[in-house]
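Chemist: I'm passing along upload.cif; it holds mmCIF, C-alpha atoms.
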```cif
data_query
#
loop_
_atom_site.label_atom_id
_atom_site.label_comp_id
_atom_site.auth_asym_id
_atom_site.auth_seq_id
_atom_site.Cartn_x
_atom_site.Cartn_y
_atom_site.Cartn_z
CA MET B 1 0.00 0.00 0.00
CA ALA B 2 2.72 2.44 -1.01
CA SER B 3 0.68 5.11 -2.73
CA ALA B 4 -2.75 6.52 -2.05
CA GLU B 5 -3.67 6.62 -5.74
CA GLY B 6 -6.36 4.49 -7.35
CA GLN B 7 -8.15 1.48 -5.99
CA GLN B 8 -5.57 -0.50 -4.05
CA HIS B 9 -6.80 -3.28 -1.84
CA PRO B 10 -5.22 -6.38 -0.31
CA LEU B 11 -5.25 -9.39 -2.63
CA GLY B 12 -7.04 -11.52 -0.05
CA ILE B 13 -10.44 -9.92 -0.66
CA TYR B 14 -10.27 -10.76 -4.39
CA TYR B 15 -9.48 -14.40 -3.68
CA LYS B 16 -12.33 -14.61 -1.17
CA ILE B 17 -14.87 -13.14 -3.59
CA TRP B 18 -13.53 -15.32 -6.39
CA VAL B 19 -14.09 -18.49 -4.35
CA LEU B 20 -17.49 -17.21 -3.23
CA LEU B 21 -18.59 -16.60 -6.84
CA PHE B 22 -17.57 -20.16 -7.71
CA VAL B 23 -19.52 -21.58 -4.79
CA VAL B 24 -22.66 -19.53 -5.50
CA SER B 25 -22.50 -20.41 -9.22
CA PHE B 26 -22.26 -24.05 -8.26
CA PHE B 27 -25.35 -23.63 -6.07
CA SER B 28 -27.32 -22.00 -8.87
CA TYR B 29 -26.31 -24.82 -11.22
CA MET B 30 -27.50 -27.27 -8.57
CA VAL B 31 -30.94 -25.62 -8.63
CA ASP B 32 -31.26 -26.89 -12.19
CA TYR B 33 -29.39 -30.16 -11.70
CA LEU B 34 -31.61 -31.19 -8.76
CA ASN B 35 -34.60 -30.08 -10.85
CA LEU B 36 -36.16 -27.90 -8.12
CA GLN B 37 -39.50 -26.41 -9.20
CA GLY B 38 -41.94 -23.64 -8.35
CA MET B 39 -41.21 -20.87 -5.86
CA THR B 40 -38.15 -22.68 -4.45
CA ARG B 41 -36.56 -22.67 -7.90
CA TRP B 42 -37.35 -19.02 -8.72
CA GLY B 43 -36.49 -17.80 -5.23
CA LEU B 44 -33.11 -19.52 -5.22
CA ILE B 45 -32.29 -18.43 -8.79
CA LEU B 46 -32.98 -14.79 -7.87
CA LEU B 47 -31.14 -15.03 -4.56
CA PHE B 48 -27.97 -16.49 -6.09
CA MET B 49 -28.19 -14.05 -9.00
CA PHE B 50 -28.36 -10.98 -6.75
CA VAL B 51 -25.60 -12.28 -4.47
CA LYS B 52 -23.29 -12.80 -7.45
CA ALA B 53 -24.18 -9.49 -9.10
CA GLY B 54 -23.75 -7.65 -5.79
CA PHE B 55 -20.29 -9.01 -5.11
CA ILE B 56 -19.09 -8.41 -8.67
CA ILE B 57 -20.24 -4.78 -8.57
CA ALA B 58 -19.15 -4.06 -4.98
CA ILE B 59 -15.75 -5.74 -4.92
CA PHE B 60 -14.50 -6.54 -8.44
CA MET B 61 -15.80 -3.26 -9.86
CA HIS B 62 -14.75 -1.42 -6.66
CA MET B 63 -18.14 0.26 -6.24
CA LYS B 64 -17.92 -0.33 -2.48
CA TRP B 65 -15.03 2.13 -2.25
CA GLU B 66 -16.40 4.82 -4.57
CA ARG B 67 -18.02 8.02 -3.33
CA LEU B 68 -21.76 8.01 -2.71
CA GLY B 69 -22.31 10.44 -5.61
CA LEU B 70 -20.94 7.98 -8.18
CA LYS B 71 -22.74 5.07 -6.50
CA LEU B 72 -26.10 6.81 -6.76
CA ALA B 73 -25.51 8.07 -10.31
CA ILE B 74 -24.81 4.54 -11.56
CA LEU B 75 -26.89 2.29 -9.33
CA LEU B 76 -30.10 4.32 -8.97
CA PRO B 77 -31.23 4.58 -12.64
CA PRO B 78 -31.40 0.76 -13.20
CA VAL B 79 -33.93 0.57 -10.34
CA PHE B 80 -36.48 2.11 -12.70
CA ILE B 81 -36.20 -0.93 -14.96
CA GLY B 82 -38.52 -2.41 -12.35
CA VAL B 83 -41.30 -0.22 -13.74
CA LEU B 84 -40.71 -1.58 -17.24
CA ILE B 85 -40.74 -5.14 -15.93
CA TRP B 86 -44.04 -4.48 -14.14
CA LEU B 87 -45.66 -2.90 -17.21
CA MET B 88 -44.46 -5.61 -19.58
CA ALA B 89 -45.61 -8.36 -17.21
CA ILE B 90 -49.14 -6.91 -17.29
CA GLU B 91 -48.92 -6.54 -21.07
CA GLY B 92 -47.58 -10.08 -21.49
CA ASN B 93 -50.44 -11.59 -19.50
CA HIS B 94 -52.95 -9.55 -21.45
CA THR B 95 -51.46 -10.66 -24.79
CA GLU B 96 -51.54 -14.31 -23.74
CA LEU B 97 -55.16 -14.13 -22.61
CA THR B 98 -56.16 -12.32 -25.81
CA ARG B 99 -54.43 -14.97 -27.91
CA ILE B 100 -56.18 -17.77 -26.06
CA GLU B 101 -59.52 -16.01 -26.40
CA PHE B 102 -59.20 -15.51 -30.17
CA PHE B 103 -56.99 -18.41 -31.30
CA GLY B 104 -57.73 -20.97 -28.60
CA GLU B 105 -55.31 -23.00 -26.50
CA SER B 106 -52.07 -24.18 -28.09
CA THR B 107 -52.30 -27.53 -29.86
CA MET B 108 -48.56 -27.80 -30.42
CA VAL B 109 -46.95 -31.10 -29.48
CA PRO B 110 -43.27 -30.35 -28.77
CA GLU B 111 -40.68 -32.84 -29.95
CA GLU B 112 -38.34 -34.55 -27.52
CA VAL B 113 -34.79 -33.16 -27.48
CA HIS B 114 -32.33 -35.66 -29.00
CA HIS B 115 -28.71 -35.63 -28.00
CA MET Q 1 -5.18 2.64 1.14
CA SER Q 2 -7.17 5.53 -0.23
CA ASP Q 3 -10.36 6.39 1.53
CA ALA Q 4 -12.55 7.79 -1.26
CA ALA Q 5 -15.32 8.83 1.12
CA THR Q 6 -13.29 11.62 2.71
CA MET Q 7 -10.78 12.51 -0.01
CA ASP Q 8 -9.37 16.02 -0.52
CA GLY Q 9 -11.09 17.30 2.59
CA LEU Q 10 -14.49 16.94 0.90
CA PRO Q 11 -17.41 15.87 3.08
CA GLY Q 12 -18.64 12.29 2.75
CA GLY Q 13 -22.15 10.80 2.84
CA THR Q 14 -25.22 12.68 1.64
CA LYS Q 15 -23.55 16.02 2.23
CA GLY Q 16 -20.83 14.77 -0.10
CA VAL Q 17 -23.44 14.05 -2.79
CA VAL Q 18 -24.64 17.65 -2.64
CA THR Q 19 -21.07 18.96 -2.74
CA ASP Q 20 -20.17 16.71 -5.68
CA PHE Q 21 -23.29 17.45 -7.74
CA SER Q 22 -23.10 21.19 -7.16
CA ALA Q 23 -19.39 21.36 -8.02
CA ASP Q 24 -18.69 23.64 -10.95
CA ARG Q 25 -16.34 21.50 -12.98
CA GLN Q 26 -16.06 17.97 -11.70
CA ALA Q 27 -18.89 15.94 -10.25
CA PHE Q 28 -17.17 12.58 -9.95
CA HIS Q 29 -13.81 12.45 -8.24
CA VAL Q 30 -12.48 9.63 -10.38
CA PRO Q 31 -10.39 9.73 -13.57
CA TRP Q 32 -12.61 10.95 -16.43
CA GLY Q 33 -12.11 7.70 -18.33
CA LYS Q 34 -13.52 5.75 -15.42
CA ALA Q 35 -16.57 8.01 -15.11
CA MET Q 36 -17.19 7.67 -18.86
CA MET Q 37 -16.86 3.89 -18.69
CA TRP Q 38 -19.37 3.75 -15.85
CA ILE Q 39 -21.82 5.88 -17.81
CA PHE Q 40 -21.34 3.69 -20.88
CA LEU Q 41 -21.97 0.60 -18.76
CA LEU Q 42 -25.11 2.20 -17.38
CA SER Q 43 -26.41 2.68 -20.92
CA ASP Q 44 -25.43 -0.89 -21.77
CA THR Q 45 -27.37 -2.02 -18.69
CA PHE Q 46 -30.49 -0.52 -20.21
CA ILE Q 47 -29.88 -2.22 -23.57
CA PHE Q 48 -29.50 -5.65 -21.98
CA SER Q 49 -32.46 -4.96 -19.70
CA CYS Q 50 -34.61 -4.18 -22.74
CA PHE Q 51 -33.59 -7.50 -24.31
CA LEU Q 52 -34.31 -9.45 -21.14
CA VAL Q 53 -37.63 -7.68 -20.51
CA GLY Q 54 -38.57 -8.30 -24.16
CA TYR Q 55 -37.73 -11.96 -23.64
CA MET Q 56 -39.87 -12.02 -20.49
CA HIS Q 57 -42.76 -10.51 -22.41
CA VAL Q 58 -42.67 -12.95 -25.35
CA ARG Q 59 -42.26 -15.87 -22.99
CA MET Q 60 -45.30 -14.79 -20.95
CA ALA Q 61 -47.36 -14.06 -24.06
CA ALA Q 62 -46.51 -17.30 -25.89
CA THR Q 63 -49.34 -19.83 -25.80
CA ASP Q 64 -47.15 -22.69 -27.07
CA PRO Q 65 -45.15 -24.41 -24.32
CA TRP Q 66 -41.73 -22.84 -23.71
CA PRO Q 67 -38.82 -25.19 -24.51
CA PHE Q 68 -37.16 -26.45 -21.32
CA PRO Q 69 -33.62 -24.97 -21.44
CA SER Q 70 -32.34 -27.64 -19.08
CA GLU Q 71 -33.05 -30.25 -21.77
CA VAL Q 72 -32.33 -28.16 -24.85
CA PHE Q 73 -28.86 -27.27 -23.56
CA ALA Q 74 -28.04 -30.68 -22.14
CA LEU Q 75 -24.96 -32.35 -23.53
CA SER Q 76 -24.15 -36.03 -23.67
CA PHE Q 77 -20.62 -37.38 -23.33
CA GLY Q 78 -21.46 -40.91 -24.38
CA GLY Q 79 -23.76 -41.60 -21.45
CA ASP Q 80 -26.91 -39.87 -20.20
CA PRO Q 81 -27.16 -36.20 -21.15
CA ILE Q 82 -26.05 -33.84 -18.37
CA PRO Q 83 -28.36 -30.82 -18.06
CA LEU Q 84 -26.88 -27.41 -18.94
CA ILE Q 85 -23.34 -28.73 -18.59
CA LEU Q 86 -21.77 -26.58 -21.32
CA ILE Q 87 -23.47 -23.46 -19.93
CA ALA Q 88 -22.15 -24.30 -16.47
CA ILE Q 89 -18.61 -24.66 -17.83
CA MET Q 90 -18.98 -21.34 -19.68
CA THR Q 91 -20.17 -19.69 -16.47
CA PHE Q 92 -17.17 -20.96 -14.54
CA ILE Q 93 -14.80 -19.84 -17.30
CA LEU Q 94 -16.24 -16.33 -17.21
CA ILE Q 95 -15.95 -16.16 -13.41
CA THR Q 96 -12.35 -17.37 -13.62
CA SER Q 97 -11.62 -14.63 -16.16
CA SER Q 98 -13.22 -12.06 -13.86
CA GLY Q 99 -10.86 -13.19 -11.10
CA THR Q 100 -7.76 -12.92 -13.28
CA MET Q 101 -8.94 -9.47 -14.41
CA ALA Q 102 -9.40 -8.29 -10.82
CA LEU Q 103 -5.86 -9.45 -10.05
CA ALA Q 104 -4.56 -7.69 -13.18
CA VAL Q 105 -6.06 -4.41 -11.97
CA ASN Q 106 -4.47 -4.89 -8.58
CA MET Q 107 -1.07 -5.72 -10.10
CA GLY Q 108 -1.36 -2.66 -12.33
CA TYR Q 109 -1.70 -0.37 -9.32
CA ARG Q 110 1.30 -2.13 -7.78
CA LYS Q 111 3.19 -1.19 -10.98
CA ASN Q 112 3.93 -4.85 -11.63
CA LYS Q 113 3.98 -4.64 -15.43
CA LYS Q 114 4.77 -8.25 -16.14
CA ALA Q 115 2.06 -9.71 -13.90
CA THR Q 116 -0.51 -7.22 -15.22
CA PHE Q 117 0.31 -8.14 -18.82
CA TRP Q 118 0.12 -11.88 -18.30
CA LEU Q 119 -3.05 -11.73 -16.19
CA MET Q 120 -4.74 -9.66 -18.89
CA VAL Q 121 -3.62 -12.11 -21.56
CA ALA Q 122 -5.00 -14.97 -19.43
CA THR Q 123 -8.29 -13.09 -19.13
CA ALA Q 124 -8.43 -12.59 -22.90
CA ILE Q 125 -7.69 -16.28 -23.55
CA LEU Q 126 -10.47 -17.33 -21.16
CA GLY Q 127 -12.81 -14.86 -22.88
CA ALA Q 128 -11.90 -16.23 -26.30
CA SER Q 129 -12.55 -19.79 -25.13
CA PHE Q 130 -15.96 -18.64 -23.86
CA VAL Q 131 -16.79 -17.29 -27.33
CA GLY Q 132 -15.52 -20.53 -28.85
CA MET Q 133 -17.86 -22.59 -26.68
CA GLN Q 134 -20.70 -20.28 -27.57
CA ALA Q 135 -19.97 -20.82 -31.26
CA PHE Q 136 -20.08 -24.58 -30.62
CA GLU Q 137 -23.40 -24.21 -28.78
CA TRP Q 138 -24.92 -22.14 -31.59
CA THR Q 139 -23.73 -24.61 -34.22
CA LYS Q 140 -25.20 -27.54 -32.32
CA LEU Q 141 -28.51 -25.72 -31.87
CA ILE Q 142 -28.78 -24.55 -35.47
CA VAL Q 143 -27.36 -27.53 -37.37
CA ASP Q 144 -28.26 -30.54 -35.22
CA GLU Q 145 -31.43 -29.42 -33.51
CA GLY Q 146 -32.99 -27.10 -36.06
CA VAL Q 147 -33.53 -24.11 -33.77
CA ARG Q 148 -34.20 -20.97 -35.81
CA PRO Q 149 -35.14 -17.40 -34.84
CA TRP Q 150 -38.60 -18.06 -36.31
CA GLY Q 151 -39.23 -21.52 -34.87
CA ASN Q 152 -37.94 -24.70 -33.31
CA PRO Q 153 -39.21 -28.25 -32.79
CA PHE Q 154 -39.32 -28.02 -28.97
CA GLY Q 155 -41.98 -25.38 -28.36
CA ALA Q 156 -42.70 -21.65 -28.66
CA ALA Q 157 -41.14 -20.01 -31.72
CA GLN Q 158 -40.03 -16.99 -29.68
CA PHE Q 159 -37.42 -19.16 -27.94
CA GLY Q 160 -35.02 -18.97 -30.87
CA SER Q 161 -35.29 -15.24 -31.49
CA SER Q 162 -34.77 -14.40 -27.79
CA PHE Q 163 -31.88 -16.84 -27.53
CA PHE Q 164 -29.95 -15.66 -30.59
CA MET Q 165 -30.58 -12.00 -29.83
CA ILE Q 166 -29.52 -12.09 -26.18
CA THR Q 167 -26.60 -14.50 -26.29
CA GLY Q 168 -25.47 -13.06 -29.63
CA PHE Q 169 -25.30 -9.54 -28.24
CA HIS Q 170 -23.51 -10.79 -25.15
CA GLY Q 171 -21.05 -12.83 -27.24
CA MET Q 172 -20.33 -9.71 -29.27
CA HIS Q 173 -19.52 -7.87 -26.04
CA VAL Q 174 -17.15 -10.66 -24.98
CA SER Q 175 -15.42 -10.62 -28.38
CA ALA Q 176 -15.01 -6.84 -28.25
CA GLY Q 177 -13.71 -7.20 -24.69
CA VAL Q 178 -11.06 -9.72 -25.77
CA ILE Q 179 -9.75 -7.28 -28.40
CA TYR Q 180 -9.89 -4.37 -25.95
CA LEU Q 181 -7.98 -6.33 -23.29
CA LEU Q 182 -5.29 -7.42 -25.74
CA VAL Q 183 -4.77 -3.84 -26.95
CA VAL Q 184 -4.43 -2.53 -23.38
CA ALA Q 185 -2.25 -5.50 -22.34
CA ASN Q 186 0.11 -4.81 -25.23
CA ARG Q 187 0.38 -1.16 -24.22
CA VAL Q 188 1.11 -2.19 -20.64
CA ARG Q 189 3.88 -4.47 -21.92
CA ASN Q 190 5.55 -1.93 -24.22
CA GLY Q 191 5.56 0.80 -21.58
CA PHE Q 192 3.06 3.12 -23.29
CA TYR Q 193 1.32 4.01 -20.01
CA GLU Q 194 4.59 4.26 -18.14
CA GLN Q 195 5.90 6.86 -20.59
CA ARG Q 196 2.67 8.81 -20.34
CA GLY Q 197 2.96 8.76 -16.56
CA ASP Q 198 -0.40 7.03 -16.13
CA ASN Q 199 -1.18 5.16 -12.97
CA TYR Q 200 -2.49 2.12 -14.92
CA GLU Q 201 -6.03 3.39 -14.35
CA ILE Q 202 -6.72 2.23 -17.88
CA VAL Q 203 -6.35 -1.35 -16.64
CA GLU Q 204 -9.06 -0.73 -14.06
CA ILE Q 205 -11.29 0.86 -16.72
CA ALA Q 206 -10.83 -2.13 -19.04
CA GLY Q 207 -11.51 -4.29 -15.99
CA LEU Q 208 -14.83 -2.52 -15.38
CA TYR Q 209 -15.94 -3.43 -18.89
CA TRP Q 210 -14.85 -7.02 -18.43
CA HIS Q 211 -16.60 -7.43 -15.08
CA PHE Q 212 -19.73 -5.96 -16.63
CA VAL Q 213 -19.69 -8.66 -19.31
CA ASP Q 214 -19.51 -11.24 -16.53
CA LEU Q 215 -22.30 -9.42 -14.68
CA VAL Q 216 -24.60 -9.54 -17.70
CA TRP Q 217 -23.92 -13.26 -18.00
CA VAL Q 218 -25.09 -13.72 -14.38
CA PHE Q 219 -28.48 -12.33 -15.40
CA ILE Q 220 -28.66 -14.25 -18.70
CA PHE Q 221 -27.73 -17.46 -16.90
CA ALA Q 222 -30.45 -16.90 -14.29
CA PHE Q 223 -33.26 -15.72 -16.54
CA PHE Q 224 -32.66 -17.55 -19.79
CA TYR Q 225 -31.03 -20.84 -18.84
CA LEU Q 226 -32.27 -21.53 -15.32
CA TRP Q 227 -35.73 -19.96 -15.21
#
```
Write the structure described by the file as structure tokens, please.
Modeler:
Amino acid sequence: MASAEGQQHPLGIYYKIWVLLFVVSFFSYMVDYLNLQGMTRWGLILLFMFVKAGFIIAIFMHMKWERLGLKLAILLPPVFIGVLIWLMAIEGNHTELTRIEFFGESTMVPEEVHH
Amino acid sequence: MSDAATMDGLPGGTKGVVTDFSADRQAFHVPWGKAMMWIFLLSDTFIFSCFLVGYMHVRMAATDPWPFPSEVFALSFGGDPIPLILIAIMTFILITSSGTMALAVNMGYRKNKKATFWLMVATAILGASFVGMQAFEWTKLIVDEGVRPWGNPFGAAQFGSSFFMITGFHGMHVSAGVIYLLVVANRVRNGFYEQRGDNYEIVEIAGLYWHFVDLVWVFIFAFFYLW
């Protein structure tokens, strides 16, 4: 820690986060491998996703050590994507119901996946 | 270690926000290149969000059953197919490359030219292998399984268009990142930044881009492959 310039941090924290990202990725793969379904599946997928994203932004991208002004300028705007998700979820449901009403239920018989 | 919260005698916390935003010439007390990269990444966040929200919409609105990614992306090595195995390997490769990049940034600030160069090259090689695996995945899907942007045998037609759009745009980002990293790594090696008296901030800026690519993959992995 010779100079006070730039983002200088002990190496240990990078190794810890690195290992943690591996472990959490393994967990999220396990969600699929163990074929969990329903709310357990979606809840765990979202949990592991946000944990990974949070650590990448905070530690690897050094956001944790930036000033609050930069943090807010970058991290606040994406929050509003939530509004778009909400609107498009309503729209998506409406489109599906309209399709079913006018075209009827799907009669498609999907093929098996061959490997 | 620098403490950015109280640098240059400026107040920290919310009072710091007011001071920074009302400053006449410089709002963000970081190198301008870093501020610009962050703003670019913010705009890129919105592009990828639009793709993912669009995918959510078509998946919700599709009346045909959605193909089960776990089966579509399973790979068989002689025996029973293992679900999502290639995607899992790609995920681990990208995380590994994020780690080597984080170390490269650290080594850059320690003025360890050689380590920075080699760690960046390692990151680029891992990135290139990720793109290679993606090319393999696309080929398998298009040639062997007949998935097209306008239809596929396994369910809703929108599956193909969302898949090629989202992973294609991400793969393009990875490819661009590999070139970017190699250019910066070469300049680290030949002393370009040293002569200019830079503090290897450029390595951190390139690192931000690379971590962002990994970050986007976290969301694609969760929403497209696992959901």
Chemist: Applied to the shown file, which residues does the PyMOL selection byres ((chain Q and resi 85) around 9) return, written as a PyMOL selection string?
Modeler: (chain B and resi 29) or (chain Q and resi 73-76+81-84+86-90)
Chemist: Taking (-11.4, 3.9, -16.3) in the file's coordinates, which residues come within 7 Å, counting only C-alpha atoms, written as a list of chain:residue names?
Modeler: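 Output: Q:Pro31, Q:Gly33, Q:Lys34, Q:Ala35, Q:Met37, Q:Glu201, Q:Ile202, Q:Glu204, Q:Ile205, Q:Ala206.
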Chemist: For the PyMOL selection byres ((chain B and resi 49) around 9), applied here, can you spell out every residue it catches as a VMD selection string?
Modeler: (chain B and resid 24 to 25 28 44 to 48 50 to 54) or (chain Q and resid 218 to 219 221 to 222)
Chemist: Can you tell me, as a ChimeraX atom specification, what residues are no more than 12 Å from Q:Ile39 when counting all atoms listed in the file, ignoring any on the same chain fewer than 3 positions away?
Modeler: /B:70-75,77-78 /Q:28,32-36,42-46,205,208-209
Chemist: Check the smallest atom-to-atom distance from each of Q:Ala102, Q:Met107, Q:Ile142, Q:Ala115 to chain B using all atoms listed in the file, then report the winner.
Modeler: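 With all atoms listed in the file as the atom set, the closest residue is Q:Ala102.
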Chemist: Hey, which of B:Met61, B:Ile85, B:Gly92, B:Glu105 ends up closest to Q:Val53? Count only C-alpha atoms.
Modeler: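 Among the listed residues, B:Ile85 lies closest to Q:Val53.
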Chemist: Decode the PyMOL selection byres ((chain Q and resi 104) around 12) for the given file into explicit residues and return them as a CSV table (one decimal) with C-alpha atoms, in the frame of the given file.
Modeler:
```
chain,number,residue,atom,x,y,z
B,8,GLN,CA,-5.6,-0.5,-4.0
B,11,LEU,CA,-5.2,-9.4,-2.6
B,14,TYR,CA,-10.3,-10.8,-4.4
B,60,PHE,CA,-14.5,-6.5,-8.4
Q,97,SER,CA,-11.6,-14.6,-16.2
Q,98,SER,CA,-13.2,-12.1,-13.9
Q,99,GLY,CA,-10.9,-13.2,-11.1
Q,100,THR,CA,-7.8,-12.9,-13.3
Q,101,MET,CA,-8.9,-9.5,-14.4
Q,102,ALA,CA,-9.4,-8.3,-10.8
Q,103,LEU,CA,-5.9,-9.4,-10.0
Q,105,VAL,CA,-6.1,-4.4,-12.0
Q,106,ASN,CA,-4.5,-4.9,-8.6
Q,107,MET,CA,-1.1,-5.7,-10.1
Q,108,GLY,CA,-1.4,-2.7,-12.3
Q,109,TYR,CA,-1.7,-0.4,-9.3
Q,110,ARG,CA,1.3,-2.1,-7.8
Q,111,LYS,CA,3.2,-1.2,-11.0
Q,112,ASN,CA,3.9,-4.8,-11.6
Q,113,LYS,CA,4.0,-4.6,-15.4
Q,114,LYS,CA,4.8,-8.2,-16.1
Q,115,ALA,CA,2.1,-9.7,-13.9
Q,116,THR,CA,-0.5,-7.2,-15.2
Q,117,PHE,CA,0.3,-8.1,-18.8
Q,118,TRP,CA,0.1,-11.9,-18.3
Q,119,LEU,CA,-3.0,-11.7,-16.2
Q,120,MET,CA,-4.7,-9.7,-18.9
Q,121,VAL,CA,-3.6,-12.1,-21.6
Q,122,ALA,CA,-5.0,-15.0,-19.4
Q,123,THR,CA,-8.3,-13.1,-19.1
Q,124,ALA,CA,-8.4,-12.6,-22.9
Q,181,LEU,CA,-8.0,-6.3,-23.3
Q,184,VAL,CA,-4.4,-2.5,-23.4
Q,185,ALA,CA,-2.2,-5.5,-22.3
Q,188,VAL,CA,1.1,-2.2,-20.6
Q,200,TYR,CA,-2.5,2.1,-14.9
Q,201,GLU,CA,-6.0,3.4,-14.4
Q,202,ILE,CA,-6.7,2.2,-17.9
Q,203,VAL,CA,-6.4,-1.4,-16.6
Q,204,GLU,CA,-9.1,-0.7,-14.1
Q,205,ILE,CA,-11.3,0.9,-16.7
Q,206,ALA,CA,-10.8,-2.1,-19.0
Q,207,GLY,CA,-11.5,-4.3,-16.0
Q,208,LEU,CA,-14.8,-2.5,-15.4
Q,210,TRP,CA,-14.8,-7.0,-18.4
```
Chemist: How far is it from atom CA of Q:Gln195 to atom CA of Q:Gln26, in Å with one decimal?
Modeler: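 These two atoms are separated by 26.2 Å.
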Chemist: With all atoms listed in the file as the basis for distance, which of B:Glu96, B:Gly43, B:Gly12, B:Val83 is at the shortest distance from chain Q?
Modeler: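 Using all atoms listed in the file, the shortest distance to chain Q belongs to B:Glu96.
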Chemist: So which residues touch Q:Gly54 within 12 Å, counting all atoms listed in the file, skipping near sequence neighbours fewer than 3 positions away, as a PyMOL selection string?
Modeler: (chain B and resi 84-85+87-89+91-92) or (chain Q and resi 46-51+57-61+158-159+161-163+165-166+223-224)
Chemist: How many Å separate atom CA of Q:Phe192 from atom CA of Q:Ile125?
Modeler: 22.2 Å
